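Right, one structure below, let's go through it.
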Amino acid sequence: MRLHIFVEGRSEEAFFKEWLPRFLPAAHTFKILPHQGKGRLSETLNSVPDPKRRGLLDQLPTKLRVYSHHLNSDTDRVLVLVDADDEDCRQLKQRLERCQQRCAPTLVVKFRIAVEETESFYLGEFRAIQRAYPQSNPKKLKEYIPDCVCGAWELFRDVIGYPSEIEDKPSWGRAMGKHLTADPQKIDENLSPSFRQLCHGILSLCGEAPA
């Protein structure tokens with residue numbers, strides 16, 4: 001299969017470029033499509049988006065329509081990864097699925113939501129953090145609840161010992177992509193439920209696991 005992966009920006013792109021070749025079975029390929037942030041899903045699902053709005057959700061209805069006409073349904077699949085931030089993840093996923101049903105009902109798409117954001121994936125696996133950042137401090141995660149809404153990127157920054165004024169998400173994505181678990185048999189070693197759901201979704205799209 002060919003996976004077409006919609007992500008919010010460069011940090012998710014950096015993560016997938018390092019992690020996905022380690023995780024994806026060799027027979028499958030992928031292309032990552034970064035956007036300029038999360039954006040906002042239009043309630044009217046207009047066919048022509050505002051060209052000034054370049055976020056993933058801003059562009060999603062149009063891109064799903066275009067992809068439904070140009071992708072081969074036998075060989076191509078679409079994965080959309082979006083941060084929940086402070087939204088209810090179930091309601092967000094329902095809105096995304098309604099969008100797909102209205103705009104591209106024949107396209108094979110899976111939506112996956114990082115709860116709260118991509119850094120939650122990293123925080124779910126401290127051993128990977130230690131490999132990427134040997135100076136990291138496990139005490140910072142003592143009271144952390146996986147996938148809680150707590151300011152995940154700020155907490156990750158504190159765990160790895162970055163100065164408080166630095167936000168270096170693409171660098172974090174590259175580093176963690178090299179070390180986060182990539183063995184489909186060991187997905188449960190990561191404590192982030194949304195990361196595990198991402199893994200299962202990818203394998204399902206590739207025909208490697210049940211939906």
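Identifiers for the structure tokens are assigned positionally: chains receive A, B, ... in sequence, residues are indexed from 1 per chain, and ligands are indexed from 1 in the order shown.
Residues in contact with Arg131 in chain A at up to 10 Å, not including ones fewer than 6 positions away on its chain and judged by only C-alpha atoms, are Ala175, Met176, Lys178, His179 and Leu180 of chain A.
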Selection above as a file: all heavy atoms, as an mmCIF file, in the first residue's frame:
```cif
data_model
loop_
_atom_site.group_PDB
_atom_site.id
_atom_site.type_symbol
_atom_site.label_atom_id
_atom_site.label_comp_id
_atom_site.auth_asym_id
_atom_site.auth_seq_id
_atom_site.Cartn_x
_atom_site.Cartn_y
_atom_site.Cartn_z
ATOM 1 N N ALA A 175 14.407 13.200 16.919
ATOM 2 C CA ALA A 175 15.085 12.403 17.950
ATOM 3 C C ALA A 175 14.207 11.263 18.440
ATOM 4 O O ALA A 175 14.657 10.113 18.557
ATOM 5 C CB ALA A 175 15.490 13.309 19.113
ATOM 6 N N MET A 176 12.937 11.562 18.725
ATOM 7 C CA MET A 176 12.051 10.531 19.260
ATOM 8 C C MET A 176 11.638 9.530 18.191
ATOM 9 O O MET A 176 11.392 8.359 18.482
ATOM 10 C CB MET A 176 10.829 11.175 19.907
ATOM 11 C CG MET A 176 11.143 11.972 21.164
ATOM 12 S SD MET A 176 11.999 11.003 22.445
ATOM 13 C CE MET A 176 10.748 9.762 22.808
ATOM 14 N N LYS A 178 13.527 8.221 16.142
ATOM 15 C CA LYS A 178 14.591 7.225 16.057
ATOM 16 C C LYS A 178 14.518 6.193 17.182
ATOM 17 O O LYS A 178 15.158 5.137 17.099
ATOM 18 C CB LYS A 178 15.951 7.919 16.101
ATOM 19 C CG LYS A 178 16.225 8.815 14.904
ATOM 20 C CD LYS A 178 17.548 9.546 15.066
ATOM 21 C CE LYS A 178 17.820 10.484 13.896
ATOM 22 N NZ LYS A 178 19.088 11.233 14.065
ATOM 23 N N HIS A 179 13.769 6.498 18.235
ATOM 24 C CA HIS A 179 13.825 5.643 19.419
ATOM 25 C C HIS A 179 12.469 5.119 19.902
ATOM 26 O O HIS A 179 12.443 4.119 20.636
ATOM 27 C CB HIS A 179 14.492 6.412 20.563
ATOM 28 C CG HIS A 179 15.919 6.756 20.293
ATOM 29 N ND1 HIS A 179 16.939 5.823 20.366
ATOM 30 C CD2 HIS A 179 16.507 7.927 19.933
ATOM 31 C CE1 HIS A 179 18.086 6.406 20.074
ATOM 32 N NE2 HIS A 179 17.854 7.682 19.807
ATOM 33 N N LEU A 180 11.384 5.760 19.529
ATOM 34 C CA LEU A 180 10.082 5.277 19.985
ATOM 35 C C LEU A 180 9.833 3.876 19.438
ATOM 36 O O LEU A 180 10.262 3.552 18.332
ATOM 37 C CB LEU A 180 8.983 6.231 19.510
ATOM 38 C CG LEU A 180 7.778 6.405 20.435
ATOM 39 C CD1 LEU A 180 8.190 7.019 21.761
ATOM 40 C CD2 LEU A 180 6.723 7.278 19.765
#
```
Who sits within 9 Å of His35 in chain A, only C-alpha atoms, same chain under 4 positions skipped, as a ChimeraX atom specification: /A:6-10,39,54-56,59
Same residues, N, CA, C and O atoms, output as an mmCIF file, in the first residue's frame:
```
data_model
loop_
_atom_site.group_PDB
_atom_site.id
_atom_site.type_symbol
_atom_site.label_atom_id
_atom_site.label_comp_id
_atom_site.auth_asym_id
_atom_site.auth_seq_id
_atom_site.Cartn_x
_atom_site.Cartn_y
_atom_site.Cartn_z
ATOM 1 N N PHE A 6 -1.574 12.963 6.243
ATOM 2 C CA PHE A 6 -1.780 14.387 6.487
ATOM 3 C C PHE A 6 -1.408 14.686 7.934
ATOM 4 O O PHE A 6 -1.940 14.069 8.854
ATOM 5 N N VAL A 7 -0.524 15.643 8.137
ATOM 6 C CA VAL A 7 -0.129 16.048 9.486
ATOM 7 C C VAL A 7 -0.194 17.567 9.597
ATOM 8 O O VAL A 7 -0.264 18.281 8.594
ATOM 9 N N GLU A 8 -0.151 18.060 10.826
ATOM 10 C CA GLU A 8 -0.309 19.492 11.057
ATOM 11 C C GLU A 8 0.908 20.306 10.634
ATOM 12 O O GLU A 8 0.766 21.453 10.202
ATOM 13 N N GLY A 9 2.119 19.757 10.804
ATOM 14 C CA GLY A 9 3.277 20.585 10.519
ATOM 15 C C GLY A 9 4.580 19.829 10.457
ATOM 16 O O GLY A 9 4.623 18.594 10.342
ATOM 17 N N ARG A 10 5.665 20.579 10.580
ATOM 18 C CA ARG A 10 7.000 20.036 10.378
ATOM 19 C C ARG A 10 7.444 19.102 11.499
ATOM 20 O O ARG A 10 8.258 18.201 11.274
ATOM 21 N N GLY A 39 -5.530 24.345 12.052
ATOM 22 C CA GLY A 39 -6.608 24.966 11.309
ATOM 23 C C GLY A 39 -7.964 24.676 11.919
ATOM 24 O O GLY A 39 -8.086 24.193 13.053
ATOM 25 N N ARG A 54 -4.043 27.764 5.737
ATOM 26 C CA ARG A 54 -3.262 26.621 5.265
ATOM 27 C C ARG A 54 -3.172 25.498 6.294
ATOM 28 O O ARG A 54 -2.352 24.594 6.174
ATOM 29 N N GLY A 55 -4.020 25.550 7.312
ATOM 30 C CA GLY A 55 -4.011 24.488 8.307
ATOM 31 C C GLY A 55 -4.591 23.195 7.769
ATOM 32 O O GLY A 55 -5.304 23.176 6.758
ATOM 33 N N LEU A 56 -4.302 22.111 8.443
ATOM 34 C CA LEU A 56 -4.769 20.789 8.009
ATOM 35 C C LEU A 56 -6.287 20.759 7.868
ATOM 36 O O LEU A 56 -6.820 20.335 6.838
ATOM 37 N N GLN A 59 -7.835 22.801 4.991
ATOM 38 C CA GLN A 59 -7.661 22.228 3.662
ATOM 39 C C GLN A 59 -8.311 20.849 3.497
ATOM 40 O O GLN A 59 -8.441 20.358 2.372
#
```
Which of range 93-182 of chain A fall in helix (DSSP H, G or I), as JSON, numbers by chain: {"A": [93, 94, 95, 96, 97, 98, 99, 100, 101, 102, 103, 119, 120, 121, 122, 123, 126, 127, 128, 129, 130, 131, 132, 138, 139, 140, 141, 152, 153, 154, 155, 156, 157, 158, 159, 160, 169, 170, 171, 172, 173, 174, 175, 176, 177]}
How would the residues just chosen look if you wrote them out with N, CA and C atoms as a compact mmCIF listing (two decimals), in the first residue's frame?
```
# COMPACT_ATOMS: atom_id res chain seq x y z
N LYS A 93 -13.32 13.44 16.30
CA LYS A 93 -13.27 12.35 15.33
C LYS A 93 -14.59 12.20 14.60
N GLN A 94 -15.70 12.40 15.29
CA GLN A 94 -17.00 12.32 14.63
C GLN A 94 -17.13 13.40 13.56
N ARG A 95 -16.65 14.61 13.83
CA ARG A 95 -16.70 15.68 12.84
C ARG A 95 -15.83 15.36 11.63
N LEU A 96 -14.67 14.77 11.90
CA LEU A 96 -13.78 14.40 10.80
C LEU A 96 -14.40 13.30 9.94
N GLU A 97 -15.01 12.34 10.56
CA GLU A 97 -15.64 11.24 9.81
C GLU A 97 -16.84 11.73 9.01
N ARG A 98 -17.60 12.69 9.56
CA ARG A 98 -18.71 13.26 8.79
C ARG A 98 -18.19 14.01 7.57
N CYS A 99 -17.07 14.71 7.75
CA CYS A 99 -16.45 15.41 6.63
C CYS A 99 -16.08 14.43 5.53
N GLN A 100 -15.46 13.34 5.91
CA GLN A 100 -15.05 12.35 4.91
C GLN A 100 -16.26 11.73 4.20
N GLN A 101 -17.31 11.45 4.93
CA GLN A 101 -18.50 10.86 4.33
C GLN A 101 -19.15 11.81 3.34
N ARG A 102 -19.10 13.10 3.60
CA ARG A 102 -19.70 14.08 2.70
C ARG A 102 -18.81 14.40 1.51
N CYS A 103 -17.50 14.41 1.73
CA CYS A 103 -16.58 14.88 0.70
C CYS A 103 -15.94 13.77 -0.12
N GLU A 119 3.50 15.23 21.36
CA GLU A 119 4.43 14.98 22.46
C GLU A 119 3.88 13.97 23.47
N SER A 120 2.56 13.78 23.48
CA SER A 120 1.98 12.75 24.34
C SER A 120 2.47 11.36 23.95
N PHE A 121 2.72 11.15 22.65
CA PHE A 121 3.29 9.88 22.21
C PHE A 121 4.64 9.65 22.87
N TYR A 122 5.47 10.69 22.91
CA TYR A 122 6.81 10.58 23.46
C TYR A 122 6.76 10.33 24.96
N LEU A 123 5.86 11.05 25.65
CA LEU A 123 5.77 10.92 27.10
C LEU A 123 5.28 9.55 27.54
N PHE A 126 9.07 6.35 28.45
CA PHE A 126 10.23 7.03 29.03
C PHE A 126 11.55 6.38 28.61
N ARG A 127 11.56 5.08 28.37
CA ARG A 127 12.81 4.45 27.93
C ARG A 127 13.30 5.03 26.61
N ALA A 128 12.36 5.34 25.72
CA ALA A 128 12.73 5.97 24.45
C ALA A 128 13.25 7.38 24.69
N ILE A 129 12.63 8.10 25.62
CA ILE A 129 13.10 9.44 25.96
C ILE A 129 14.54 9.37 26.47
N GLN A 130 14.82 8.40 27.33
CA GLN A 130 16.17 8.27 27.88
C GLN A 130 17.20 7.97 26.81
N ARG A 131 16.81 7.15 25.82
CA ARG A 131 17.75 6.85 24.74
C ARG A 131 18.03 8.09 23.89
N ALA A 132 16.98 8.87 23.64
CA ALA A 132 17.15 10.07 22.82
C ALA A 132 17.81 11.20 23.60
N PRO A 138 13.34 11.40 35.05
CA PRO A 138 12.11 10.63 35.22
C PRO A 138 11.20 11.18 36.31
N LYS A 139 11.75 11.93 37.25
CA LYS A 139 10.93 12.47 38.34
C LYS A 139 9.88 13.44 37.83
N LYS A 140 10.14 14.04 36.68
CA LYS A 140 9.18 14.98 36.11
C LYS A 140 7.90 14.28 35.65
N LEU A 141 7.97 12.96 35.48
CA LEU A 141 6.80 12.20 35.03
C LEU A 141 6.12 11.43 36.16
N ALA A 152 1.39 19.08 27.02
CA ALA A 152 2.32 17.97 26.79
C ALA A 152 3.68 18.44 26.28
N TRP A 153 3.69 19.41 25.36
CA TRP A 153 5.00 19.79 24.83
C TRP A 153 5.83 20.49 25.90
N GLU A 154 5.18 21.27 26.75
CA GLU A 154 5.92 21.93 27.82
C GLU A 154 6.48 20.91 28.82
N LEU A 155 5.68 19.89 29.12
CA LEU A 155 6.14 18.85 30.03
C LEU A 155 7.30 18.07 29.41
N PHE A 156 7.18 17.74 28.13
CA PHE A 156 8.27 17.03 27.46
C PHE A 156 9.54 17.86 27.49
N ARG A 157 9.42 19.14 27.22
CA ARG A 157 10.59 20.04 27.27
C ARG A 157 11.23 19.99 28.65
N ASP A 158 10.40 19.99 29.70
CA ASP A 158 10.94 19.96 31.07
C ASP A 158 11.60 18.62 31.38
N VAL A 159 10.99 17.54 30.90
CA VAL A 159 11.53 16.20 31.15
C VAL A 159 12.92 16.06 30.54
N ILE A 160 13.10 16.55 29.32
CA ILE A 160 14.39 16.37 28.64
C ILE A 160 15.40 17.45 29.02
N LYS A 169 10.18 21.60 18.47
CA LYS A 169 9.39 20.41 18.15
C LYS A 169 9.94 19.58 16.99
N PRO A 170 10.37 20.17 15.87
CA PRO A 170 10.93 19.33 14.81
C PRO A 170 12.13 18.51 15.27
N SER A 171 13.01 19.14 16.05
CA SER A 171 14.17 18.42 16.58
C SER A 171 13.72 17.28 17.49
N TRP A 172 12.73 17.51 18.32
CA TRP A 172 12.20 16.46 19.20
C TRP A 172 11.61 15.32 18.37
N GLY A 173 10.89 15.69 17.30
CA GLY A 173 10.28 14.68 16.46
C GLY A 173 11.32 13.77 15.82
N ARG A 174 12.40 14.38 15.32
CA ARG A 174 13.47 13.56 14.72
C ARG A 174 14.11 12.65 15.75
N ALA A 175 14.41 13.20 16.92
CA ALA A 175 15.09 12.40 17.95
C ALA A 175 14.21 11.26 18.44
N MET A 176 12.94 11.56 18.72
CA MET A 176 12.05 10.53 19.26
C MET A 176 11.64 9.53 18.19
N GLY A 177 11.58 9.97 16.94
CA GLY A 177 11.27 9.05 15.85
C GLY A 177 12.30 7.94 15.70
```
10 Å contact set for Glu87 in chain A, only C-alpha atoms, chain neighbours under 6 positions out, as a list of chain:residue names: A:Val115, A:Glu116, A:Val149
Residue neighbourhood Thr29 in chain A, 9 Å, only C-alpha atoms, exclusion window fewer than 4 positions, as JSON, numbers by chain: {"A": [1, 2, 3, 4, 21, 24, 25]}
Two-atom distance - CA of Phe195 in chain A, CA of Ser136 in chain A (Å):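 Value for the CA of Phe195 in chain A-CA of Ser136 in chain A distance: 20.9 Å.
Nearest to Asp147 in chain A of all the residues A:Glu13, A:Asp183, A:Asp50, A:Asp83 is A:Asp83, counting only C-alpha atoms.
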Residue among A:Pro134, A:Cys150, A:Ile145, A:Pro34 lying closest to Asp85 in chain A, counting only C-alpha atoms: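 Looking at the shortest contact to Asp85 in chain A, the residue is A:Cys150.
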Given only C-alpha atoms as the counted atoms, nearest of A:Cys206, A:Leu64, A:Val82, A:Ala27 to Ser194 in chain A: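 Once distances to Ser194 in chain A are computed over only C-alpha atoms, the minimum belongs to A:Val82.
Nearest-residue note for Thr118 in chain A: choosing from A:Pro184, A:Gly151, A:Pro163, A:Gly201, the minimum distance belongs to A:Gly151, counting only C-alpha atoms.
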Given only C-alpha atoms as the counted atoms, nearest of A:Asp58, A:His70, A:Pro146, A:Phe23 to Lys38 in chain A: A:Asp58
